[in-house]
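Asks: Please see the structure below; I have some questions.
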Amino acid sequence: MNFEHQLRVQDLNVRYAETIDEDRLESWPDFFRDDGRYLITTAENVAQKLPIGMMYATSRAMLRDRIKALRQANIYEAQRYRHVIGAPRLVEAGDGTLRARTSFMVARIMHSGETMLFATGCYDDCIVLDGDNAVFAEKTVIIDSRQVDTLLAIPL
Amino acid sequence: MNFEHQLRVQDLNVRYAETIDEDRLESWPDFFRDDGRYLITTAENVAQKLPIGMMYATSRAMLRDRIKALRQANIYEAQRYRHVIGAPRLVEAGDGTLRARTSFMVARIMHSGETMLFATGCYDDCIVLDGDNAVFAEKTVIIDSRQVDTLLAIPL
Amino acid sequence: MNFEHQLRVQDLNVRYAETIDEDRLESWPDFFRDDGRYLITTAENVAQKLPIGMMYATSRAMLRDRIKALRQANIYEAQRYRHVIGAPRLVEAGDGTLRARTSFMVARIMHSGETMLFATGCYDDCIVLDGDNAVFAEKTVIIDSRQVDTLLAIPL
Amino acid sequence: MTIAAGIRAWPSDQVTRVPYWIYSDAALYGEEMERVFRGDTWSFLCMEAELPRPNTYRTSFLGDMPVVVTRDKDGAVHAFENRCAHRGALLCHKERGEAKEIACVYHNWTYDLCGKLTGVAFRRGIAGKGGMPPESRPEQHAPRQLRVECFAGLVFGTLGRHTPPLETYLGAQIAPKIRRVMRAPVRLLGGYSQILQSNWKLYMENVKDSYHASLLHMFFTTFRLNRLSQKGGLVVSEDGGNHISYSMAAADAGKEYEKAGMRTANEGYALEAPELLKSVDEFGDGVGLQILSVFPGFVLQQIRNSLAVRRIVPLGVDRTELVWTIFGFETDDEALHELRLRQANLIGPAGFISMEDGAAVGFVQRGSRGAGGELSVVEMGGRGIGSEESRVSEAAVRGFWHAYRHHMGM
Amino acid sequence: MTIAAGIRAWPSDQVTRVPYWIYSDAALYGEEMERVFRGDTWSFLCMEAELPRPNTYRTSFLGDMPVVVTRDKDGAVHAFENRCAHRGALLCHKERGEAKEIACVYHNWTYDLCGKLTGVAFRRGIAGKGGMPPESRPEQHAPRQLRVECFAGLVFGTLGRHTPPLETYLGAQIAPKIRRVMRAPVRLLGGYSQILQSNWKLYMENVKDSYHASLLHMFFTTFRLNRLSQKGGLVVSEDGGNHISYSMAAADAGKEYEKAGMRTANEGYALEAPELLKSVDEFGDGVGLQILSVFPGFVLQQIRNSLAVRRIVPLGVDRTELVWTIFGFETDDEALHELRLRQANLIGPAGFISMEDGAAVGFVQRGSRGAGGELSVVEMGGRGIGSEESRVSEAAVRGFWHAYRHHMGM
Amino acid sequence: MTIAAGIRAWPSDQVTRVPYWIYSDAALYGEEMERVFRGDTWSFLCMEAELPRPNTYRTSFLGDMPVVVTRDKDGAVHAFENRCAHRGALLCHKERGEAKEIACVYHNWTYDLCGKLTGVAFRRGIAGKGGMPPESRPEQHAPRQLRVECFAGLVFGTLGRHTPPLETYLGAQIAPKIRRVMRAPVRLLGGYSQILQSNWKLYMENVKDSYHASLLHMFFTTFRLNRLSQKGGLVVSEDGGNHISYSMAAADAGKEYEKAGMRTANEGYALEAPELLKSVDEFGDGVGLQILSVFPGFVLQQIRNSLAVRRIVPLGVDRTELVWTIFGFETDDEALHELRLRQANLIGPAGFISMEDGAAVGFVQRGSRGAGGELSVVEMGGRGIGSEESRVSEAAVRGFWHAYRHHMGM
Ligand code: FES
Ligand code: FES
Ligand code: FES
Ligand SMILES: [Fe+3]
Ligand SMILES: [Fe+3]
Ligand SMILES: [Fe+3]
């Protein structure tokens with residue numbers, strides 16, 4: 001295994017999660033390539049080969065629109081996430097890209113303090129390394145449960 | 001500390017957990033040595049030096065029997081796990097084996113989507129490295145709680 | 001990024017958490033510098049720039065007093081924690097110290113077996129490396145929720 | 001229907017005022033399961049497409065009661081209680097599957113796909129010992145059969161003895177609007193569910209509330225996907241229980257919201273990737289949005305090219321699961337298929353539009369805590385439950401309460 | 001006993017039909033705690049071996065009521081409510097421990113190991129000020145003492161005034177079967193517990209249900225550990241509450257299951273590591289399996305060489321904790337000890353056999369939701385509650401309901 | 001007040017015995033929300049300092065009922081139900097904020113900061129269609145206004161029509177002790193909350209129980225921060241509902257605890273970092289500890305230089321949130337500020353002292369399960385509810401029950 005890639009992807013994941021957990025959502029799209037693909041779906045849909053997602057974007061612009069809507073249009077109760085992410089399992093795709101599968105748990109904390117285990121699942125990522133930088137060409141968030149409590153406003 | 005061993009054991013744990021979480025249980029026994037020992041017990045039993053376990057196997061064959069029974073004999077509701085595993089703390093045993101202690105949390109996701117924090121605890125492992133390969137000579141799963149919800153069909 | 005520092009801090013965190021989770025609390029203060037600062041507060045207080053904490057110590061002696069009180073004075077039901085900790089995000093402060101931010105989830109397991117997701121949050125640490133040793137000059141535990149179930153006896 | 005002991009009385013003869021205890025009274029909730037969901041009403045169970053072949057089944061719910069929906073070897077659809085005649089174990093504990101017969105796991109009693117008890121393990125004992133007395137009639141306790149009707153690819157079921165035929169129940173104005181959407185063989189695109197922290201009725205009111213749409217959902221208004229000032233209408237079935245609300249896709253240039261200074265008006269807000277809102281008039285009638293509901297718990301949605309059915313499963317007096325099934329048609333080309341996937345961003349728990357309904361119903365559940373004795377006001381569009389040209393109306397919400405009181409005997 | 005207001009009536013004079021509301025009525029649950037668990041019944045509290053020395057204690061439950069079980073300095077065993085006479089705090093909040101006296105943490109009132117109030121902090125005040133009036137008698141509110149009897153190393157307790165002596169309560173046929181298993185000084189091997197998502201009665205029925213064993217538990221059947229066709233029997237105590245079901249180890253070659261085409265028959269299924277099933281006839285009577293239960297909540301298990309006691313702790317109308325304690329004997333040699341550890345794979349939440357009971361009881365709890373008014377059928381082996389040679393019988397389940405109705409006054 | 005149907009009777013005419021069902025009866029809990037929290041009592045809502053400027057608001061609770069507290073543009077403080085007049089949605093779903101007006105998110109109805117309904121979206125419809133009938137009076141259903149009084153920087157509210165003026169309600173002996181602590185403009189230091197696994201009353205009893213302090217909290221005793229033998233006193237308001245308990249800082253050298261052999265006595269126990277206990281006599285009266293409570297749910301605490309207000313929010317019959325707000329004064333110098341931060345180690349869920357109250361109340365909730373019919377003993381210091389020099393007394397606890405019975409009409 002390539003230890004450097006291992007640690008770089010781990011670092012990418014940590015910074016990605018921190019950006020969300022600390023509500024710096026405006027920077028979240030920057031973790032993706034211009035034509036980055038982002039999909040949130042369920043293990044059940046994946047198992048049945050059904051394509052629908054809860055969030056689906058095919059460009060960084062669409063990700064920025066998502067955040068803009070959250071900030072300016074959508075109504076939802078103040079809440080934050082806390083990601084805890086496992087170590088990634090990497091497969092070198094050769095073409096300078098890496099495929100990574102990574103398990104996560106996300107707790108959701110309401111402004112009132114109420115906390116729940118909100119989502120568990122795995123990231124199925126395609127990562128592009130160039131130089132010191134690493135971005136997602138594709139990120140598929142496969143949540144284990146088909147149930148979402150109340151709403152899913154903040155990306156996972 | 002030996003960074004290479006650190007990362008290799010971490011990778012072993014990730015692949016081990018992924019095999020379970022993605023329901024590739026037939027491959028699970030392959031993470032053990034032929035005479036591998038697997039025990040699931042509780043912190044309370046360990047503290048009281050009581051030997052009983054919930055699952056106990058002294059060979060890979062017994063692990064294969066476990067999976068076979070799950071697939072062919074046992075009745076239980078469709079469910080999956082999601083492991084999130086901490087970094088291992090390693091002790092070099094010298095004789096080419098490593099002792100590793102690793103914290104874990106496991107969420108259980110029912111087919112209905114119902115999710116719960118199913119088990120927490122630590123792995124107390126004895127790992128044999130030969131060449132690129134790493135397998136468990138012993139794996140003791142010490143769960144923190146003496147309570148198990150409904151049943152424990154899938155190994156931890 | 002500095003891979004060695006990454007792994008050393010990860011190892012520090014693992015040993016720190018294990019010391020708590022295995023109830024070796026008498027050794028817990030040794031993870032701090034003599035004049036180590038330890039604070040547990042909430043994200044809400046931090047966001048409002050309010051200084052109060054739930055635990056606050058400005059020396060290792062105060063940490064030892066905390067443990068001594070837990071052992072000899074305070075009444076609370078037998079309970080244990082299980083930490084699962086993400087990878088740290090490091091910033092080299094230059095002066096031989098590191099700043100690290102690390103996400104955690106802590107489950108609390110009562111002697112009865114009852115388990116709950118007790119706390120989530122992040123560690124905001126200032127770590128001093130000298131030689132093989134690494135200790136906390138400062139550790140701020142920022143819990144995401146303002147709510148604590150029943151009591152917070154054991155440090156996080 | 002007689003008034004049950006222990007059901008509180010409706011505070012007036014009107015449906016313009018609703019008492020808040022209706023959302024939090026646990027005893028009432030139990031009565032609702034009996035009188036509404038297991039009474040003379042039709043509940044949506046699943047889509048026919050979820051039973052793709054003979055000898056398939058899917059589990060669902062009639063209120064809080066588990067049911068099995070099957071397609072037998074001849075293709076006929078059946079539904080029955082998911083409860084064994086013997087000791088009451090779930091007969092099917094999977095979401096869906098293939099089966100020629102159903103065997104209860106507990107004692108291996110077997111059923112055919114009509115829910116008929118076909119086998120009792122060791123009924124005659126073993127070697128002449130044990131087993132059931134010859135005169136025993138366990139069949140008398142077989143899972144209750146639901147009356148089932150399939151309409152335009154949707155499977156409905158009822159336990160009520162006096163439930164009218166489905167099409168009559170839907171009403172002459174609603175049934176065609178279901179057919180309108182279900183225009184071709186269905187292609188399932190997937191699904192998920194949303195746990196609402198509220199009483200089930202709050203969600204059904206929300207769906208029938210054409211007044212809230214463009215006030216709560218800024219996304220609607222901002223992009224003029226749906227404004228009350230757009231041409232459209234509100235249709236309520238005679239019994240009040242079923243409704244559609246629709247609006248024409250043609251964006252209006254009206255400034256009513258801006259004049260009224262609504263929070264929901266938001267000039268100079270634009271999408272960087274407007275393709276999200278690209279859509280086609282697949283129904284050829286210019287209707288851009290049609291929300292349709294059938295009492296007590298079914299919703300059929302067309303938001304541009306995003307099509308879905310939603311069904312509610314009450315989980316308790318203050319918890320409800322909303323199950324979404326998103327679909328297109330076998331006839332969709334790649335372009336339309338991709339449109340549907342992209343527009344899925346509008347709906348579901350993460351939908352630019354519908355996420356807010358999840359928040360809103362919870363806000364009412366919590367906001368009305370402590371207000372059991374107070375009344376809410378349902379007077380937009382007057383006091384009637386009739387159809388209206390205007391959607392600045394709560395007529396469909398009043399219709400819901402009209403139907404509710406009828407079934408509850410309140 | 002008189003019938004309590006608000007307890008629903010039993011639907012007939014038979015125990016061959018059981019109403020489903022019995023598993024979900026919250027008010028009834030409260031009555032059960034009083035009438036069954038705190039009534040004239042014996043509850044298993046712990047093993048004597050869990051009180052290894054004088055001045056030790058262990059906490060347990062009488063239904064949902066917390067109790068303390070102690071062994072005093074003279075070795076006598078006592079049990080009393082785990083509730084302080086003063087304001088009701090738990091007296092012991094640890095699972096087990098050593099203590100010469102018990103001090104409540106709240107105000108430091110003290111008790112001896114018989115549960116007698118021995119000290120009231122500052123009863124006479126300080127410097128003549130404060131404290132209790134001389135005539136106060138806090139002793140009158142001391143934790144209620146349980147009557148305790150130890151039988152074959154098992155500690156039972158009761159609050160009932162008219163509970164017969166334990167051995168009488170067990171019955172002439174059951175008591176010896178307890179002695180049979182408890183053949184030597186106990187060596188504790190460990191324990192764990194299982195949270196059942198069901199009413200407590202569903203688990204007790206499951207245990208008494210000799211009919212299900214080989215139909216639900218394929219592992220039993222496949223390896224012919226227990227088939228209804230094997231020689232064995234079912235014994236029910238006169239009052240119906242207690243039972244044993246047993247079968248001889250000698251594998252039968254019968255083909256009844258195969259003939260009947262049971263799901264549980266599975267030829268050509270073999271273990272790679274058959275040592276799992278290796279066992280010895282330690283009781284010298286060829287009985288390979290004996291399940292014994294005592295009303296309301298005790299189970300003693302012998303499955304080959306796997307020995308355990310189980311007790312239920314009701315956690316609510318639809319939740320139950322099942323506490324397992326696995327044991328062997330001081331006299332075990334290494335080989336037998338290892339057999340017990342290996343056979344532990346058969347039992348508990350992960351047991352090849354018993355994991356399924358955890359699933360089954362939950363299936364009934366959920367399957368019968370919505371069927372409150374329906375009846376389940378308990379007619380295998382006829383209508384009686386007597387002992388039988390055949391285990392194709394639900395006689396012990398009927399016995400349970402017979403005893404239940406008696407204690408509930410239903 | 002008349003006795004409500006379904007409220008059980010108090011077992012005697014005394015308050016020296018308290019029935020355990022009072023902590024677990026769900027129906028009673030509902031009545032308490034009405035009669036106690038929404039009755040003729042004052043509930044603490046927040047500190048004035050939490051409304052720092054005009055046009056700010058903070059959400060709070062009156063029992064389990066959500067309320068909004070506001071400071072209007074002129075600086076006046078108002079409080080009203082956090083429930084929209086229309087369909088009952090929460091009006092404010094944030095903890096705190098700035099606002100000139102409040103708009104409900106559901107249909108955009110608007111309110112001024114007095115809670116007056118000021119706007120109904122599209123009340124007259126659009127283009128003459130829809131909207132409300134002219135004669136509609138939604139204003140009649142506006143969120144209920146609380147009567148508000150600010151006292152020494154504390155905001156209290158009531159819904160009761162006959163609640164006496166706040167200062168009268170507090171009583172002549174209690175009011176000055178609030179002023180004593182609130183000696184200067186408040187500087188907020190932060191807060192957190194504690195989820196208590198018990199009925200709300202158990203926490204209020206705990207606070208009023210001067211007897212437990214030095215027996216449960218060894219830290220108090222060991223460091224002689226508070227011993228019953230220290231000079232101090234207990235003051236109970238005439239109606240019994242409010243109290244203070246105080247003790248002088250001067251450490252006594254008494255040996256009563258040692259003589260009585262209390263667990264809480266612990267010679268030779270010392271702190272390595274005694275600065276934790278360093279404190280100054282900021283109030284100039286030598287009082288080191290003053291615990292003050294106001295019926296039903298307010299606590300003001302001075303433990304040396306650690307100052308906090310606590311309010312309870314009942315979450316259910318056996319769950320309570322305790323919200324802590326810790327403060328100092330604008331006039332604090334750095335040294336005093338640092339003292340307060342350090343002494344915060346004594347309080348809250350992690351407090352060397354108060355963590356144990358979280359455990360204790362839970363112990364009673366669980367210890368008394370199964371003891372519904374039993375009585376607890378409240379006889380320390382006699383049977384009265386009057387003030388006492390001695391804190392070896394439960395007079396304030398009896399006072400609580402006296403007030404409780406009055407408001408509950410029991
Ligand atoms: S419960 Fe289904 S066969 Fe017995
Ligand atoms: S409650 Fe036990 S001493 Fe007061
Ligand atoms: S509920 Fe507030 S405006 Fe409708
Ligand atoms: Fe909506
Ligand atoms: Fe069984
Ligand atoms: Fe206290």
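Residue numbering restarts at 1 for every chain of the structure tokens, chains are lettered A, B, ... in their displayed order, and ligands are numbered from 1 as they appear.
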Mind checking which residues fall within 9 Å of B:Gln48, counting only C-alpha atoms, ignoring those fewer than 4 positions away in the same chain, and posting them as a list in words?
Replies: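 Here the qualifying residues turn out to be Ala43 and Glu44 of chain B; Gly190 of chain E.
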Asks: Could you pull out the helix (DSSP H, G or I) residues of stretch 93-226 of chain F, going by DSSP on the backbone, and write them as a PDB file with N, CA, C and O atoms, in the first residue's frame?
Replies:
```pdb
ATOM      1  N   PRO F 138     -58.762  36.236  13.347  1.00  0.00           N
ATOM      2  CA  PRO F 138     -57.674  35.347  13.795  1.00  0.00           C
ATOM      3  C   PRO F 138     -56.974  35.906  15.035  1.00  0.00           C
ATOM      4  O   PRO F 138     -56.419  35.152  15.824  1.00  0.00           O
ATOM      5  N   GLU F 139     -57.050  37.228  15.214  1.00  0.00           N
ATOM      6  CA  GLU F 139     -56.410  37.851  16.382  1.00  0.00           C
ATOM      7  C   GLU F 139     -56.875  37.194  17.671  1.00  0.00           C
ATOM      8  O   GLU F 139     -56.143  37.142  18.668  1.00  0.00           O
ATOM      9  N   GLN F 140     -58.124  36.684  17.650  1.00  0.00           N
ATOM     10  CA  GLN F 140     -58.644  36.066  18.875  1.00  0.00           C
ATOM     11  C   GLN F 140     -57.846  34.833  19.296  1.00  0.00           C
ATOM     12  O   GLN F 140     -57.963  34.360  20.424  1.00  0.00           O
ATOM     13  N   HIS F 141     -57.072  34.304  18.357  1.00  0.00           N
ATOM     14  CA  HIS F 141     -56.312  33.093  18.684  1.00  0.00           C
ATOM     15  C   HIS F 141     -54.823  33.371  18.825  1.00  0.00           C
ATOM     16  O   HIS F 141     -54.008  32.442  18.816  1.00  0.00           O
ATOM     17  N   LEU F 166     -45.149  39.892  41.730  1.00  0.00           N
ATOM     18  CA  LEU F 166     -43.973  39.048  41.938  1.00  0.00           C
ATOM     19  C   LEU F 166     -43.371  39.221  43.327  1.00  0.00           C
ATOM     20  O   LEU F 166     -43.109  38.253  44.026  1.00  0.00           O
ATOM     21  N   GLU F 167     -43.186  40.467  43.735  1.00  0.00           N
ATOM     22  CA  GLU F 167     -42.486  40.664  45.006  1.00  0.00           C
ATOM     23  C   GLU F 167     -43.298  40.098  46.173  1.00  0.00           C
ATOM     24  O   GLU F 167     -42.747  39.490  47.087  1.00  0.00           O
ATOM     25  N   THR F 168     -44.605  40.236  46.103  1.00  0.00           N
ATOM     26  CA  THR F 168     -45.460  39.611  47.110  1.00  0.00           C
ATOM     27  C   THR F 168     -45.300  38.096  47.065  1.00  0.00           C
ATOM     28  O   THR F 168     -45.180  37.432  48.098  1.00  0.00           O
ATOM     29  N   TYR F 169     -45.294  37.575  45.853  1.00  0.00           N
ATOM     30  CA  TYR F 169     -45.176  36.123  45.648  1.00  0.00           C
ATOM     31  C   TYR F 169     -43.864  35.605  46.235  1.00  0.00           C
ATOM     32  O   TYR F 169     -43.825  34.561  46.873  1.00  0.00           O
ATOM     33  N   LEU F 170     -42.797  36.380  46.035  1.00  0.00           N
ATOM     34  CA  LEU F 170     -41.487  35.946  46.538  1.00  0.00           C
ATOM     35  C   LEU F 170     -41.500  35.928  48.062  1.00  0.00           C
ATOM     36  O   LEU F 170     -40.975  35.012  48.688  1.00  0.00           O
ATOM     37  N   ALA F 175     -37.286  37.991  48.755  1.00  0.00           N
ATOM     38  CA  ALA F 175     -36.954  39.037  47.788  1.00  0.00           C
ATOM     39  C   ALA F 175     -35.616  39.720  48.095  1.00  0.00           C
ATOM     40  O   ALA F 175     -34.764  39.856  47.200  1.00  0.00           O
ATOM     41  N   PRO F 176     -35.392  40.106  49.331  1.00  0.00           N
ATOM     42  CA  PRO F 176     -34.115  40.803  49.613  1.00  0.00           C
ATOM     43  C   PRO F 176     -32.895  39.920  49.344  1.00  0.00           C
ATOM     44  O   PRO F 176     -31.827  40.420  48.993  1.00  0.00           O
ATOM     45  N   LYS F 177     -33.086  38.630  49.504  1.00  0.00           N
ATOM     46  CA  LYS F 177     -31.939  37.732  49.294  1.00  0.00           C
ATOM     47  C   LYS F 177     -31.629  37.575  47.813  1.00  0.00           C
ATOM     48  O   LYS F 177     -30.507  37.214  47.436  1.00  0.00           O
ATOM     49  N   ILE F 178     -32.615  37.839  46.968  1.00  0.00           N
ATOM     50  CA  ILE F 178     -32.322  37.885  45.528  1.00  0.00           C
ATOM     51  C   ILE F 178     -31.548  39.165  45.252  1.00  0.00           C
ATOM     52  O   ILE F 178     -30.476  39.139  44.637  1.00  0.00           O
ATOM     53  N   ARG F 179     -32.047  40.267  45.794  1.00  0.00           N
ATOM     54  CA  ARG F 179     -31.336  41.546  45.585  1.00  0.00           C
ATOM     55  C   ARG F 179     -29.908  41.451  46.094  1.00  0.00           C
ATOM     56  O   ARG F 179     -28.972  41.955  45.470  1.00  0.00           O
ATOM     57  N   ARG F 180     -29.740  40.763  47.231  1.00  0.00           N
ATOM     58  CA  ARG F 180     -28.396  40.617  47.805  1.00  0.00           C
ATOM     59  C   ARG F 180     -27.414  40.084  46.768  1.00  0.00           C
ATOM     60  O   ARG F 180     -26.311  40.618  46.600  1.00  0.00           O
ATOM     61  N   VAL F 181     -27.841  39.044  46.029  1.00  0.00           N
ATOM     62  CA  VAL F 181     -26.923  38.424  45.064  1.00  0.00           C
ATOM     63  C   VAL F 181     -26.798  39.286  43.809  1.00  0.00           C
ATOM     64  O   VAL F 181     -25.701  39.525  43.309  1.00  0.00           O
ATOM     65  N   TRP F 200     -39.587  16.281  37.622  1.00  0.00           N
ATOM     66  CA  TRP F 200     -39.101  17.637  37.950  1.00  0.00           C
ATOM     67  C   TRP F 200     -39.147  17.916  39.454  1.00  0.00           C
ATOM     68  O   TRP F 200     -38.273  18.608  39.994  1.00  0.00           O
ATOM     69  N   LYS F 201     -40.146  17.359  40.145  1.00  0.00           N
ATOM     70  CA  LYS F 201     -40.294  17.670  41.565  1.00  0.00           C
ATOM     71  C   LYS F 201     -39.122  17.138  42.389  1.00  0.00           C
ATOM     72  O   LYS F 201     -38.737  17.739  43.381  1.00  0.00           O
ATOM     73  N   LEU F 202     -38.553  16.030  41.934  1.00  0.00           N
ATOM     74  CA  LEU F 202     -37.428  15.482  42.696  1.00  0.00           C
ATOM     75  C   LEU F 202     -36.254  16.445  42.698  1.00  0.00           C
ATOM     76  O   LEU F 202     -35.511  16.534  43.680  1.00  0.00           O
ATOM     77  N   TYR F 203     -36.087  17.175  41.609  1.00  0.00           N
ATOM     78  CA  TYR F 203     -34.989  18.150  41.624  1.00  0.00           C
ATOM     79  C   TYR F 203     -35.306  19.318  42.542  1.00  0.00           C
ATOM     80  O   TYR F 203     -34.449  19.775  43.298  1.00  0.00           O
ATOM     81  N   MET F 204     -36.526  19.795  42.512  1.00  0.00           N
ATOM     82  CA  MET F 204     -36.864  20.924  43.382  1.00  0.00           C
ATOM     83  C   MET F 204     -36.778  20.526  44.858  1.00  0.00           C
ATOM     84  O   MET F 204     -36.325  21.301  45.692  1.00  0.00           O
ATOM     85  N   GLU F 205     -37.177  19.313  45.167  1.00  0.00           N
ATOM     86  CA  GLU F 205     -37.008  18.843  46.548  1.00  0.00           C
ATOM     87  C   GLU F 205     -35.533  18.819  46.920  1.00  0.00           C
ATOM     88  O   GLU F 205     -35.141  19.238  48.002  1.00  0.00           O
ATOM     89  N   ASN F 206     -34.732  18.340  45.989  1.00  0.00           N
ATOM     90  CA  ASN F 206     -33.298  18.236  46.242  1.00  0.00           C
ATOM     91  C   ASN F 206     -32.709  19.591  46.595  1.00  0.00           C
ATOM     92  O   ASN F 206     -31.916  19.735  47.534  1.00  0.00           O
ATOM     93  N   VAL F 207     -33.143  20.607  45.843  1.00  0.00           N
ATOM     94  CA  VAL F 207     -32.611  21.953  46.053  1.00  0.00           C
ATOM     95  C   VAL F 207     -33.044  22.500  47.423  1.00  0.00           C
ATOM     96  O   VAL F 207     -32.296  23.204  48.088  1.00  0.00           O
ATOM     97  N   LYS F 208     -34.245  22.153  47.827  1.00  0.00           N
ATOM     98  CA  LYS F 208     -34.793  22.683  49.070  1.00  0.00           C
ATOM     99  C   LYS F 208     -34.374  21.856  50.289  1.00  0.00           C
ATOM    100  O   LYS F 208     -34.688  22.205  51.430  1.00  0.00           O
ATOM    101  N   ALA F 213     -27.262  18.265  51.834  1.00  0.00           N
ATOM    102  CA  ALA F 213     -26.096  18.901  51.222  1.00  0.00           C
ATOM    103  C   ALA F 213     -24.781  18.293  51.713  1.00  0.00           C
ATOM    104  O   ALA F 213     -23.965  17.818  50.930  1.00  0.00           O
ATOM    105  N   SER F 214     -24.609  18.287  53.000  1.00  0.00           N
ATOM    106  CA  SER F 214     -23.285  17.897  53.502  1.00  0.00           C
ATOM    107  C   SER F 214     -23.201  16.391  53.703  1.00  0.00           C
ATOM    108  O   SER F 214     -22.171  15.878  54.121  1.00  0.00           O
ATOM    109  N   LEU F 215     -24.312  15.688  53.453  1.00  0.00           N
ATOM    110  CA  LEU F 215     -24.261  14.235  53.614  1.00  0.00           C
ATOM    111  C   LEU F 215     -24.002  13.563  52.278  1.00  0.00           C
ATOM    112  O   LEU F 215     -23.227  12.614  52.179  1.00  0.00           O
ATOM    113  N   LEU F 216     -24.616  14.092  51.230  1.00  0.00           N
ATOM    114  CA  LEU F 216     -24.372  13.557  49.890  1.00  0.00           C
ATOM    115  C   LEU F 216     -23.067  14.094  49.330  1.00  0.00           C
ATOM    116  O   LEU F 216     -22.272  13.359  48.767  1.00  0.00           O
ATOM    117  N   MET F 218     -19.723  14.966  49.666  1.00  0.00           N
ATOM    118  CA  MET F 218     -18.550  14.862  50.534  1.00  0.00           C
ATOM    119  C   MET F 218     -17.605  16.019  50.343  1.00  0.00           C
ATOM    120  O   MET F 218     -16.894  16.415  51.244  1.00  0.00           O
ATOM    121  N   PHE F 219     -17.593  16.548  49.143  1.00  0.00           N
ATOM    122  CA  PHE F 219     -16.651  17.622  48.842  1.00  0.00           C
ATOM    123  C   PHE F 219     -16.933  18.813  49.755  1.00  0.00           C
ATOM    124  O   PHE F 219     -16.015  19.423  50.306  1.00  0.00           O
ATOM    125  N   PHE F 220     -18.195  19.095  49.918  1.00  0.00           N
ATOM    126  CA  PHE F 220     -18.646  20.141  50.843  1.00  0.00           C
ATOM    127  C   PHE F 220     -18.075  19.917  52.240  1.00  0.00           C
ATOM    128  O   PHE F 220     -17.468  20.789  52.841  1.00  0.00           O
ATOM    129  N   THR F 221     -18.311  18.721  52.710  1.00  0.00           N
ATOM    130  CA  THR F 221     -17.991  18.411  54.095  1.00  0.00           C
ATOM    131  C   THR F 221     -16.497  18.364  54.303  1.00  0.00           C
ATOM    132  O   THR F 221     -15.944  19.000  55.198  1.00  0.00           O
ATOM    133  N   THR F 222     -15.872  17.603  53.414  1.00  0.00           N
ATOM    134  CA  THR F 222     -14.443  17.386  53.574  1.00  0.00           C
ATOM    135  C   THR F 222     -13.715  18.720  53.684  1.00  0.00           C
ATOM    136  O   THR F 222     -12.887  18.926  54.554  1.00  0.00           O
TER     137      THR F 222
END
```
Asks: Contacts of stretch 7-14 of chain A at 10 Å or less, counting only C-alpha atoms, minus same-chain residues fewer than 5 places along, as a ChimeraX atom specification?
Replies: /A:2,19,31,83-90,98,100,102,123,127,129,132-136 /B:7 /C:1-3,6-7,86-90,101-103
Asks: List all protein, DNA and RNA residues that have at least one atom no more than 7 Å from any atom of ligand 2, counting only C-alpha atoms and all ligand atoms, and write them as a ChimeraX atom specification.
Replies: /E:84-89,91,104-109
Asks: Using only C-alpha atoms and a cut-off of 9 Å, which residues of chain A sit close to chain F? Please list them as an NGL selection string.
Replies: :A and (75-78 or 111-113)
Asks: Can you write out as a Markdown table which residues of chain A fall within 6 Å of chain B, alongside each residue's closest atom pair and its distance in Å to one decimal, counting only C-alpha atoms and ordering rows by chain and ascending residue number?
Replies:
```
| residue | atom | partner | partner_atom | distance |
| --- | --- | --- | --- | --- |
| A:Gly86 | CA | B:Val84 | CA | 5.5 |
| A:Ser145 | CA | B:Gly113 | CA | 4.2 |
| A:Arg146 | CA | B:Gly113 | CA | 5.1 |
| A:Gln147 | CA | B:Gly113 | CA | 5.3 |
```
